[in-house]
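Structure record follows, encoded as structure tokens.
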Amino acid sequence: MTKLWHAWKRRRRWQKVALIALALLVAGGIAVYQWIFAGLPDIAALDAGMALPSTRIYDRQGRLLYQIADPDTGLNRVVALDDLPGCMIDATIATEDANFYSHPGVDIEGVVRALWINVKGGEVVAGGSTITQQVARNLLFDAAQRSERTLQRKLREGVLALQLTREYSRDEILALYLNQTYYGNLAYGVEAAARTYLGKDVSGLTLAECAMLAGLPQAPGIYSPLDNPETAKDRQRIVLDLMVKHGKITQAQADQAYEQELQYAALQFPIEAPHFVAAVWTQLQRDFPDQLYDGGLEVVTTLDLDWQNAAQDAAQRHLDWLNNPPVGQPAHNAQNAALVAIDPHNGHILAMLGSPDYFNERIDGAVNAALAPRQPGSALKPFTYAAAFDPDLPEPWTPATMILDVGTPFVTRRLESYTPANYGLVEHGPVLIREALASSYNIPAVVTLDHIGLDSLVRLTTRLGIETLTDTSQFDLSLTLGGGEVRLLELTAAYGALANGGYRTDPVYILEVRDRHGDLLYEWEPPAQAQPVLDPRVAFLITDILSDNEARIPSFGPASALNIGRPAAAKTGTTTDFRDNWTVGYTPNLVVGVWVGNADNTPMIEVSGISGAGPIWHEFIRRVLVGQPELEFDVPAGLVRAEVCAISGRLPTGDCPRTRWEWFIESTVPTQYDTFYQRFTLDRRTGLLADENTPVEDREERVYLILPPEAQDWAVRQGIPQPPVGAQIVGRENVLARLLSPDPYTVFRLTPLLPEDQQRIRLTIAVPAHTEQVTYWMDGESLATVEDDPFDYWWALFPGEHEVYAEVTRADGEIITTDSVFFRVGAWIPPDERPTSGSAE
């Protein structure tokens with residue numbers, strides 16, 4: 001009996017445990033069920049989720065720029081699945097959900113993978129969403145639920161996907177996805193996307209076009225081919241590769257589609273400032289993704305619609321003149337233009353014109369040229385000189401620093417000779433930076449960049465907000481002439497720092513955002529005053545140069561488009577082959593940048609920054625500033641004016657024939673006196689230097705302009721008188737002995753058109769005072785010894801790689817050896833096989 005009783009007790013105990021476990025299991029199941037299913041949306045409400053938000057975008061005066069339309073207006077026209085090209089369906093499935101037709105609405109493998117990544121932190125950071133899950137999330141969840149990144153939302157999304165799969169066919173679900181998904185640039189659904197990006201019906205899409213569109217939904221603002229064509233092209237490649245991976249197309253078809261050049265266009269629909277609106281829409285997607293899709297927003301922007309219209313009028317009028325000039329003048333093939341106007345004190349974008357006609361397919365009008373990287377020509381030169389003016393440098397340059405505008409060789413990172421040329425191939429000899437910058441001379445700009453270094457320029461432009469020049473390994477000294485690419489918006493904002501006294505100008509699109517109930521979601525506030533990124537005194541010096549009409553007369557004349565009848569600073573830029581030209585300029589309260597060119601990068605015909613972009617800049621800025629007071633640029637503390645010799649930039653002596661007053665940062669006023677003008681006593685009978693045998697009545701004093709050795713050839717070509725042989729020239733004592741020609745790493749070519757003994761190059765050298773002879777050495781062997789000033793020697797060309805250097809012997813016996821110069825003599829190349837070259841302004 002005792003054993004039976006104990007057995008019965010044990011059985012009762014296990015029954016209780018089992019009951020408790022069962023109760024816990026049921027309770028847990030109920031809890032999990034409630035956790036997942038409580039409040040789960042009814043899939044019958046799917047239609048309600050399809051209503052698009054009615055977001056309205058206004059200019060700063062409250063005038064409507066764009067209103068998001070409902071599906072019946074055309075921006076979201078529903079297209080039957082049978083009317084879609086097969087490549088659009090295949091590209092979408094391969095990109096978004098390769099197993100769409102085989103899983104029950106949830107890809108178990110994808111979910112397990114996502115769970116493995118996410119479950120530890122309780123937050124979903126990896127995907128795994130099928131097309132069906134995306135439809136459920138976008139059409140059944142409200143904004144708050146869509147924004148959750150939790151395991152619960154993921155599981156609820158999966159349950160809804162399973163329910164949708166039971167109630168709808170796969171084709172119906174896919175049609176919902178393709179007709180309701182946002183593709184960017186105001187386009188909902190693939191039909192609207194085809195119209196917006198490609199200007200055609202979705203049924204006419206090619207494989208290349210389908211792959212481009214199918215890659216947009218994951219990040220439309222990033223992958224938009226209108227704003228980021230290179231990124232969009234990379235995304236298209238990914239889509240094509242996925243189609244190959246999943247057997248939709250062959251590798252050959254993918255490669256052929258990738259090579260196809262797409263023509264972008266836009267279908268007209270009611271919208272003002274479309275490029276600006278598209279940029280605002282991208283920002284709203286980033287900052288208000290949930291509210292944007294839940295009943296709409298009221299968005300007030302920085303744009304002034306009157307200014308926008310003025311920009312478009314000016315651009316269209318001048319482009320029409322360029323392409324339909326007066327009789328006898330050639331058409332200039334300038335089809336496109338962009339303009340950006342910014343308040344430099346707060347960054348408000350007051351006008352943004354991305355092209356003269358957004359809806360003109362022929363000129364790729366939908367491409368926003370204000371945001372597209374293009375070569376800026378000389379428009380970067382002000383920042384090159386600004387970096388050289390930095391008062392924290394050991395020896396900062398000034399507007400009165402003299403630079404020789406003569407042919408000057410440089411060595412590139414690839415050990416090639418680089419000799420920049422001025423626009424028009426004209427050299428100006430000794431020039432002060434004021435004239436060099438105002439008249440946009442190329443050679444002095446490259447000399448300046450070589451002096452400060454690429455890193456110094458790039459650091460400054462990056463601080464000012466230019467984001468396309470950060471990798472210095474891609475550039476060389478030609479960067480200051482436009483050898484990189486910048487966006488018009490960023491370049492214009494960078495000029496804003498010159499207008500506002502050195503403070504970075506960050507472009508602002510939106511002033512305020514309210515929800516459909518009128519509640520304020522965002523309001524722009526001026527940022528806290530930061531430290532200037534550019535010394536205010538340097539900003540003023542650059543501004544004073546760019547607003548100096550007299551200093552730019554040598555290049556632009558006295559009445560150019562840069563004069564607007566009030567204080568204004570401006571700079572032009574023109575690229576080689578006339579593919580891009582620019583004018584960026586500013587008053588104390590407005591900065592305006594203009595670009596003119598062709599979206600397809602074809603060259604214009606003889607159009608420079610002053611004749612292409614300049615008139616548009618001139619007309620726009622004068623028109624929008626009508627009635628506003630004329631403001632002067634403020635002079636910051638720490639600047640002084642001093643008189644300098646107009647040729648050397650040093651303190652004037654009595655022999656300097658022309659002086660000018662110049663601005664200086666206090667610590668940079670010159671301390672050395674001019675030595676370019678030197679006085680010598682001549683014997684009027686012989687024209688030679690007077691000596692002890694010259695009678696007093698035959699002695700005559702003359703002043704000569706003595707230039708550095710590098711400019712001697714230029715001086716001779718200009719007919720500048722030189723002092724007699726034997727004159728002791730002040731300042732030559734410390735001249736560094738160096739070869740002036742040939743240029744380092746130059747390649748000379750022999751020609752069959754001349755006798756060999758006539759194919760020679762001149763070896764020239766700069767030597768210090770009291771030099772008695774120069775011995776040239778070629779390839780380790782003594783070539784010649786020259787005892788007569790200027791110590792030149794003509795050498796007959798001989799094929800091969802060569803090294804030349806010189807030994808300079810002075811009167812005191814000192815021998816100075818110059819650095820070697822390497823060059824090459826090669827065979828003749830026919831003219832039709834030679835590379836082309838040019839110069840930018």
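Ligands are numbered from 1 in the order shown, chains are lettered A, B, ... in the order of the structure tokens, and residues start at 1 in each chain.
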
Q. So which residues touch Pro217 (chain A) within 7 Å, counting only C-alpha atoms, skipping near sequence neighbours fewer than 5 positions away, as a VMD selection string?
A. chain A and resid 181 to 183

Give me, as a tab-separated table, each residue of region 513-587 of chain A that comes within 7 Å of region 613-616 of chain A, together with its shortest interatomic pair and the distance in Å at one decimal, counting only C-alpha atoms, with rows ordered by chain and rising residue number.
```
residue	atom	partner	partner_atom	distance
A:Ala561	CA	A:Gly614	CA	5.6
A:Leu562	CA	A:Gly614	CA	6.7
A:Asn581	CA	A:Ala613	CA	6.3
A:Trp582	CA	A:Ala613	CA	5.3
A:Thr583	CA	A:Ala613	CA	5.4
```

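The space between CA of Asn228 (chain A) and CA of Asp577 (chain A) spans 24.5 Å.
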
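Around region 639-652 of chain A, within 6 Å and counting only C-alpha atoms, the residues found are Ala400, Thr401, Met402, Arg658, Thr659, Arg660, Trp661, Glu662, Trp663, Phe664, Ile665, Glu666, Pro670, Gln672, Tyr673 and Asp674 of chain A, once anything fewer than 6 positions away on its own chain is removed.
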
For those residues, write N, CA, C and O atoms to a file as a PDB file, in the first residue's frame.
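Result saved to out.pdb:
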```pdb
ATOM      1  N   ALA A 400      49.992  93.112 -53.660  1.00  0.00           N
ATOM      2  CA  ALA A 400      51.121  93.787 -54.318  1.00  0.00           C
ATOM      3  C   ALA A 400      52.294  92.849 -54.573  1.00  0.00           C
ATOM      4  O   ALA A 400      53.341  93.295 -55.026  1.00  0.00           O
ATOM      5  N   THR A 401      52.139  91.576 -54.301  1.00  0.00           N
ATOM      6  CA  THR A 401      53.197  90.627 -54.615  1.00  0.00           C
ATOM      7  C   THR A 401      53.357  90.538 -56.127  1.00  0.00           C
ATOM      8  O   THR A 401      52.380  90.387 -56.858  1.00  0.00           O
ATOM      9  N   MET A 402      54.625  90.631 -56.593  1.00  0.00           N
ATOM     10  CA  MET A 402      54.895  90.571 -58.021  1.00  0.00           C
ATOM     11  C   MET A 402      55.111  89.120 -58.449  1.00  0.00           C
ATOM     12  O   MET A 402      55.820  88.357 -57.801  1.00  0.00           O
ATOM     13  N   ARG A 658      55.903 104.881 -61.782  1.00  0.00           N
ATOM     14  CA  ARG A 658      54.461 104.755 -61.550  1.00  0.00           C
ATOM     15  C   ARG A 658      54.221 104.009 -60.249  1.00  0.00           C
ATOM     16  O   ARG A 658      54.775 102.930 -60.022  1.00  0.00           O
ATOM     17  N   THR A 659      53.429 104.605 -59.390  1.00  0.00           N
ATOM     18  CA  THR A 659      53.121 103.990 -58.104  1.00  0.00           C
ATOM     19  C   THR A 659      51.614 103.804 -57.968  1.00  0.00           C
ATOM     20  O   THR A 659      50.837 104.341 -58.750  1.00  0.00           O
ATOM     21  N   ARG A 660      51.207 103.024 -56.972  1.00  0.00           N
ATOM     22  CA  ARG A 660      49.792 102.856 -56.668  1.00  0.00           C
ATOM     23  C   ARG A 660      49.652 102.616 -55.169  1.00  0.00           C
ATOM     24  O   ARG A 660      50.592 102.185 -54.500  1.00  0.00           O
ATOM     25  N   TRP A 661      48.480 102.908 -54.664  1.00  0.00           N
ATOM     26  CA  TRP A 661      48.169 102.637 -53.267  1.00  0.00           C
ATOM     27  C   TRP A 661      47.507 101.270 -53.171  1.00  0.00           C
ATOM     28  O   TRP A 661      46.633 100.943 -53.971  1.00  0.00           O
ATOM     29  N   GLU A 662      47.922 100.504 -52.194  1.00  0.00           N
ATOM     30  CA  GLU A 662      47.430  99.140 -52.075  1.00  0.00           C
ATOM     31  C   GLU A 662      47.025  98.829 -50.635  1.00  0.00           C
ATOM     32  O   GLU A 662      47.558  99.425 -49.689  1.00  0.00           O
ATOM     33  N   TRP A 663      46.069  97.896 -50.491  1.00  0.00           N
ATOM     34  CA  TRP A 663      45.654  97.416 -49.173  1.00  0.00           C
ATOM     35  C   TRP A 663      46.587  96.298 -48.712  1.00  0.00           C
ATOM     36  O   TRP A 663      46.985  95.448 -49.496  1.00  0.00           O
ATOM     37  N   PHE A 664      46.883  96.333 -47.409  1.00  0.00           N
ATOM     38  CA  PHE A 664      47.712  95.280 -46.809  1.00  0.00           C
ATOM     39  C   PHE A 664      47.157  94.904 -45.446  1.00  0.00           C
ATOM     40  O   PHE A 664      46.626  95.760 -44.714  1.00  0.00           O
ATOM     41  N   ILE A 665      47.270  93.628 -45.105  1.00  0.00           N
ATOM     42  CA  ILE A 665      47.137  93.252 -43.703  1.00  0.00           C
ATOM     43  C   ILE A 665      48.324  93.866 -42.977  1.00  0.00           C
ATOM     44  O   ILE A 665      49.440  93.888 -43.490  1.00  0.00           O
ATOM     45  N   GLU A 666      48.086  94.405 -41.797  1.00  0.00           N
ATOM     46  CA  GLU A 666      49.082  95.260 -41.122  1.00  0.00           C
ATOM     47  C   GLU A 666      50.484  94.665 -41.114  1.00  0.00           C
ATOM     48  O   GLU A 666      51.466  95.373 -41.337  1.00  0.00           O
ATOM     49  N   PRO A 670      55.152  95.909 -47.351  1.00  0.00           N
ATOM     50  CA  PRO A 670      56.533  95.703 -47.820  1.00  0.00           C
ATOM     51  C   PRO A 670      57.531  96.541 -47.019  1.00  0.00           C
ATOM     52  O   PRO A 670      57.225  97.661 -46.587  1.00  0.00           O
ATOM     53  N   GLN A 672      61.030  96.245 -48.224  1.00  0.00           N
ATOM     54  CA  GLN A 672      62.130  96.409 -49.175  1.00  0.00           C
ATOM     55  C   GLN A 672      61.768  97.445 -50.227  1.00  0.00           C
ATOM     56  O   GLN A 672      60.612  97.561 -50.635  1.00  0.00           O
ATOM     57  N   TYR A 673      62.770  98.161 -50.670  1.00  0.00           N
ATOM     58  CA  TYR A 673      62.565  99.176 -51.700  1.00  0.00           C
ATOM     59  C   TYR A 673      62.751  98.569 -53.090  1.00  0.00           C
ATOM     60  O   TYR A 673      63.437  97.554 -53.271  1.00  0.00           O
ATOM     61  N   ASP A 674      62.116  99.187 -54.040  1.00  0.00           N
ATOM     62  CA  ASP A 674      62.145  98.703 -55.420  1.00  0.00           C
ATOM     63  C   ASP A 674      63.571  98.672 -55.954  1.00  0.00           C
ATOM     64  O   ASP A 674      64.353  99.610 -55.761  1.00  0.00           O
TER      65      ASP A 674
END
```

Polymer residues at most 10 Å from region 203-205 of chain A, only C-alpha atoms, same-chain spacing of 6 or more positions, as a short mmCIF file (atom, residue, chain, number, x, y, z; two decimals) with C-alpha atoms, in the first residue's frame:
```cif
data_model
loop_
_atom_site.label_atom_id
_atom_site.label_comp_id
_atom_site.auth_asym_id
_atom_site.auth_seq_id
_atom_site.Cartn_x
_atom_site.Cartn_y
_atom_site.Cartn_z
CA VAL A 79 -0.81 50.61 -65.34
CA ASP A 82 0.18 43.15 -68.82
CA ASP A 83 1.02 46.62 -70.17
CA LEU A 84 4.42 46.70 -68.49
CA PRO A 85 7.51 45.54 -70.38
CA GLY A 86 8.87 42.22 -69.20
CA CYS A 87 12.25 43.76 -68.43
CA MET A 88 10.64 46.11 -65.89
CA GLU A 191 4.56 54.97 -65.27
CA ALA A 194 9.17 56.59 -66.92
CA ALA A 211 17.33 48.58 -64.97
CA LEU A 213 14.31 52.71 -62.87
#
```

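Distances from A:Pro344, A:Ile610, A:Ala214, A:Glu772 to Gly189 (chain A) were compared using only C-alpha atoms, and the smallest one belongs to A:Ala214.
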
Q) Ile466 (chain A): which residues within 9 Å, counting only C-alpha atoms, same-chain residues fewer than 5 positions away excluded, as a list in words? A) Val458, Leu460, Thr461, Val486, Arg487, Glu490, Leu491, Ala493 and Ala494 of chain A

(Q) Just the number, please: distance in Å from CA of Leu226 (chain A) to CA of Trp281 (chain A), one decimal. (A) 13.6 Å

Q | Residue contacts of Ala315 (chain A) (9 Å, only C-alpha atoms) excluding same-chain residues fewer than 3 positions away, as a PyMOL selection string | A | chain A and resi 310-312+318-320+336-339+353+355-356+596+613+615-617+620

Q: Show which residues sit within 12 Å of region 725-728 of chain A, as a PyMOL selection string. Count only C-alpha atoms, and ignore same-chain residues fewer than 3 positions away.
A: chain A and resi 678-682+687-691+704+706+722+731-733+768-772+788-790

Store the residues picked out above, limited to N, CA and C atoms, as a PDB file, in the first residue's frame.
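Saved as selection.pdb:
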```pdb
ATOM      1  N   GLN A 678      66.661 100.838 -62.020  1.00  0.00           N
ATOM      2  CA  GLN A 678      68.024 101.128 -61.563  1.00  0.00           C
ATOM      3  C   GLN A 678      68.666 102.184 -62.468  1.00  0.00           C
ATOM      4  N   ARG A 679      69.453 103.025 -61.833  1.00  0.00           N
ATOM      5  CA  ARG A 679      70.060 104.168 -62.515  1.00  0.00           C
ATOM      6  C   ARG A 679      71.519 103.843 -62.847  1.00  0.00           C
ATOM      7  N   PHE A 680      71.921 104.139 -64.096  1.00  0.00           N
ATOM      8  CA  PHE A 680      73.297 103.924 -64.542  1.00  0.00           C
ATOM      9  C   PHE A 680      73.802 105.192 -65.227  1.00  0.00           C
ATOM     10  N   THR A 681      75.116 105.437 -65.106  1.00  0.00           N
ATOM     11  CA  THR A 681      75.745 106.578 -65.772  1.00  0.00           C
ATOM     12  C   THR A 681      76.381 106.099 -67.063  1.00  0.00           C
ATOM     13  N   LEU A 682      75.971 106.694 -68.192  1.00  0.00           N
ATOM     14  CA  LEU A 682      76.433 106.274 -69.511  1.00  0.00           C
ATOM     15  C   LEU A 682      77.304 107.360 -70.136  1.00  0.00           C
ATOM     16  N   GLY A 687      77.286 105.238 -75.724  1.00  0.00           N
ATOM     17  CA  GLY A 687      76.151 104.476 -75.222  1.00  0.00           C
ATOM     18  C   GLY A 687      76.561 103.413 -74.229  1.00  0.00           C
ATOM     19  N   LEU A 688      77.848 103.341 -73.922  1.00  0.00           N
ATOM     20  CA  LEU A 688      78.325 102.365 -72.949  1.00  0.00           C
ATOM     21  C   LEU A 688      78.398 103.009 -71.579  1.00  0.00           C
ATOM     22  N   LEU A 689      78.749 102.197 -70.577  1.00  0.00           N
ATOM     23  CA  LEU A 689      78.903 102.738 -69.234  1.00  0.00           C
ATOM     24  C   LEU A 689      80.034 103.771 -69.221  1.00  0.00           C
ATOM     25  N   ALA A 690      79.811 104.870 -68.513  1.00  0.00           N
ATOM     26  CA  ALA A 690      80.858 105.890 -68.364  1.00  0.00           C
ATOM     27  C   ALA A 690      81.986 105.336 -67.501  1.00  0.00           C
ATOM     28  N   ASP A 691      83.200 105.777 -67.812  1.00  0.00           N
ATOM     29  CA  ASP A 691      84.340 105.384 -66.975  1.00  0.00           C
ATOM     30  C   ASP A 691      85.139 106.629 -66.632  1.00  0.00           C
ATOM     31  N   TYR A 704      66.914 102.195 -66.073  1.00  0.00           N
ATOM     32  CA  TYR A 704      66.510 101.001 -66.816  1.00  0.00           C
ATOM     33  C   TYR A 704      65.608 100.119 -65.948  1.00  0.00           C
ATOM     34  N   ILE A 706      65.043  96.634 -64.834  1.00  0.00           N
ATOM     35  CA  ILE A 706      65.826  95.404 -64.737  1.00  0.00           C
ATOM     36  C   ILE A 706      64.928  94.300 -64.185  1.00  0.00           C
ATOM     37  N   GLN A 722      67.830  97.505 -72.385  1.00  0.00           N
ATOM     38  CA  GLN A 722      68.628  96.840 -71.384  1.00  0.00           C
ATOM     39  C   GLN A 722      69.902  97.649 -71.115  1.00  0.00           C
ATOM     40  N   GLY A 731      70.872  93.486 -56.792  1.00  0.00           N
ATOM     41  CA  GLY A 731      69.946  92.388 -56.555  1.00  0.00           C
ATOM     42  C   GLY A 731      70.371  91.080 -57.184  1.00  0.00           C
ATOM     43  N   ARG A 732      71.383  91.130 -58.074  1.00  0.00           N
ATOM     44  CA  ARG A 732      71.807  89.896 -58.727  1.00  0.00           C
ATOM     45  C   ARG A 732      72.804  89.104 -57.878  1.00  0.00           C
ATOM     46  N   GLU A 733      73.248  89.687 -56.778  1.00  0.00           N
ATOM     47  CA  GLU A 733      74.243  88.987 -55.958  1.00  0.00           C
ATOM     48  C   GLU A 733      73.691  87.671 -55.396  1.00  0.00           C
ATOM     49  N   PRO A 768      74.373  84.380 -60.757  1.00  0.00           N
ATOM     50  CA  PRO A 768      74.556  85.510 -59.843  1.00  0.00           C
ATOM     51  C   PRO A 768      75.543  86.518 -60.414  1.00  0.00           C
ATOM     52  N   ALA A 769      75.637  87.659 -59.758  1.00  0.00           N
ATOM     53  CA  ALA A 769      76.593  88.687 -60.170  1.00  0.00           C
ATOM     54  C   ALA A 769      78.022  88.140 -60.104  1.00  0.00           C
ATOM     55  N   HIS A 770      78.878  88.749 -60.915  1.00  0.00           N
ATOM     56  CA  HIS A 770      80.311  88.425 -60.943  1.00  0.00           C
ATOM     57  C   HIS A 770      80.571  87.018 -61.463  1.00  0.00           C
ATOM     58  N   THR A 771      79.712  86.547 -62.370  1.00  0.00           N
ATOM     59  CA  THR A 771      79.971  85.256 -63.014  1.00  0.00           C
ATOM     60  C   THR A 771      80.931  85.470 -64.174  1.00  0.00           C
ATOM     61  N   GLU A 772      81.965  84.613 -64.258  1.00  0.00           N
ATOM     62  CA  GLU A 772      82.961  84.759 -65.321  1.00  0.00           C
ATOM     63  C   GLU A 772      82.744  83.765 -66.461  1.00  0.00           C
ATOM     64  N   ASP A 788      80.732  84.692 -72.234  1.00  0.00           N
ATOM     65  CA  ASP A 788      80.069  85.968 -72.492  1.00  0.00           C
ATOM     66  C   ASP A 788      78.637  85.935 -71.958  1.00  0.00           C
ATOM     67  N   ASP A 789      78.302  87.010 -71.209  1.00  0.00           N
ATOM     68  CA  ASP A 789      76.932  87.203 -70.733  1.00  0.00           C
ATOM     69  C   ASP A 789      76.017  87.348 -71.959  1.00  0.00           C
ATOM     70  N   PRO A 790      74.900  86.664 -72.048  1.00  0.00           N
ATOM     71  CA  PRO A 790      74.138  85.989 -70.975  1.00  0.00           C
ATOM     72  C   PRO A 790      74.410  84.491 -70.853  1.00  0.00           C
TER      73      PRO A 790
END
```

Which region 677-709 of chain A residues have any atom within 12 Å of an atom of region 417-431 of chain A, and for each, what is the nearest pair of atoms with distance in Å to one decimal, counting only C-alpha atoms, rows sorted by chain and number, as a Markdown table?
```
| residue | atom | partner | partner_atom | distance |
| --- | --- | --- | --- | --- |
| A:Leu705 | CA | A:Pro430 | CA | 10.8 |
| A:Ile706 | CA | A:Pro430 | CA | 10.7 |
| A:Leu707 | CA | A:Pro430 | CA | 7.9 |
| A:Pro708 | CA | A:Pro430 | CA | 9.1 |
| A:Pro709 | CA | A:Gly429 | CA | 11.7 |
```

Mind dumping the selected residues with N, CA, C and O atoms as an mmCIF file, in the first residue's frame?
```cif
data_model
loop_
_atom_site.group_PDB
_atom_site.id
_atom_site.type_symbol
_atom_site.label_atom_id
_atom_site.label_comp_id
_atom_site.auth_asym_id
_atom_site.auth_seq_id
_atom_site.Cartn_x
_atom_site.Cartn_y
_atom_site.Cartn_z
ATOM 1 N N LEU A 705 64.699 99.426 -66.632
ATOM 2 C CA LEU A 705 63.869 98.429 -65.958
ATOM 3 C C LEU A 705 64.606 97.097 -66.007
ATOM 4 O O LEU A 705 64.791 96.515 -67.076
ATOM 5 N N ILE A 706 65.043 96.634 -64.834
ATOM 6 C CA ILE A 706 65.826 95.404 -64.737
ATOM 7 C C ILE A 706 64.928 94.300 -64.185
ATOM 8 O O ILE A 706 64.510 94.341 -63.019
ATOM 9 N N LEU A 707 64.611 93.342 -65.003
ATOM 10 C CA LEU A 707 63.735 92.249 -64.598
ATOM 11 C C LEU A 707 64.549 91.020 -64.210
ATOM 12 O O LEU A 707 65.712 90.882 -64.604
ATOM 13 N N PRO A 708 63.960 90.110 -63.458
ATOM 14 C CA PRO A 708 64.655 88.870 -63.102
ATOM 15 C C PRO A 708 65.075 88.093 -64.343
ATOM 16 O O PRO A 708 64.505 88.277 -65.432
ATOM 17 N N PRO A 709 66.062 87.211 -64.215
ATOM 18 C CA PRO A 709 66.566 86.485 -65.396
ATOM 19 C C PRO A 709 65.469 85.746 -66.159
ATOM 20 O O PRO A 709 65.512 85.661 -67.387
#
```

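The smallest atom-to-atom distance between Arg463 (chain A) and any of A:Tyr503, A:Tyr197, A:Tyr101, A:Trp794, using only C-alpha atoms, is found for A:Tyr503.
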
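Nearest residue to Thr130 (chain A), choosing from A:Gln253, A:Thr384, A:Thr301, A:Thr165 and counting only C-alpha atoms: A:Thr165.
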
Q | DSSP-assigned alpha helix (DSSP H) members of region 221-325 of chain A, reported as a PyMOL selection string | A | chain A and resi 221-223+229-245+251-259+274-287+289-292+305-323

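The space separating CA of Glu259 (chain A) from CA of His246 (chain A) comes to 20.7 Å.
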
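Residue nearest Val277 (chain A) within the list A:Tyr805, A:Tyr66, A:Phe676, A:Phe748: A:Tyr66 [criterion: smallest interatomic distance, only C-alpha atoms].
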
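In this comparison, which uses only C-alpha atoms, the residue of A:Ala528, A:Ala273, A:Leu371, A:Leu437 approaching Leu488 (chain A) most closely is A:Leu371.
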
Q: Could you give me the residues within region 269-451 of chain A that DSSP places in strand (DSSP E), as a ChimeraX atom specification?
A: /A:297-301,336-342,349-353,402-405,410-411,417-418,429-432
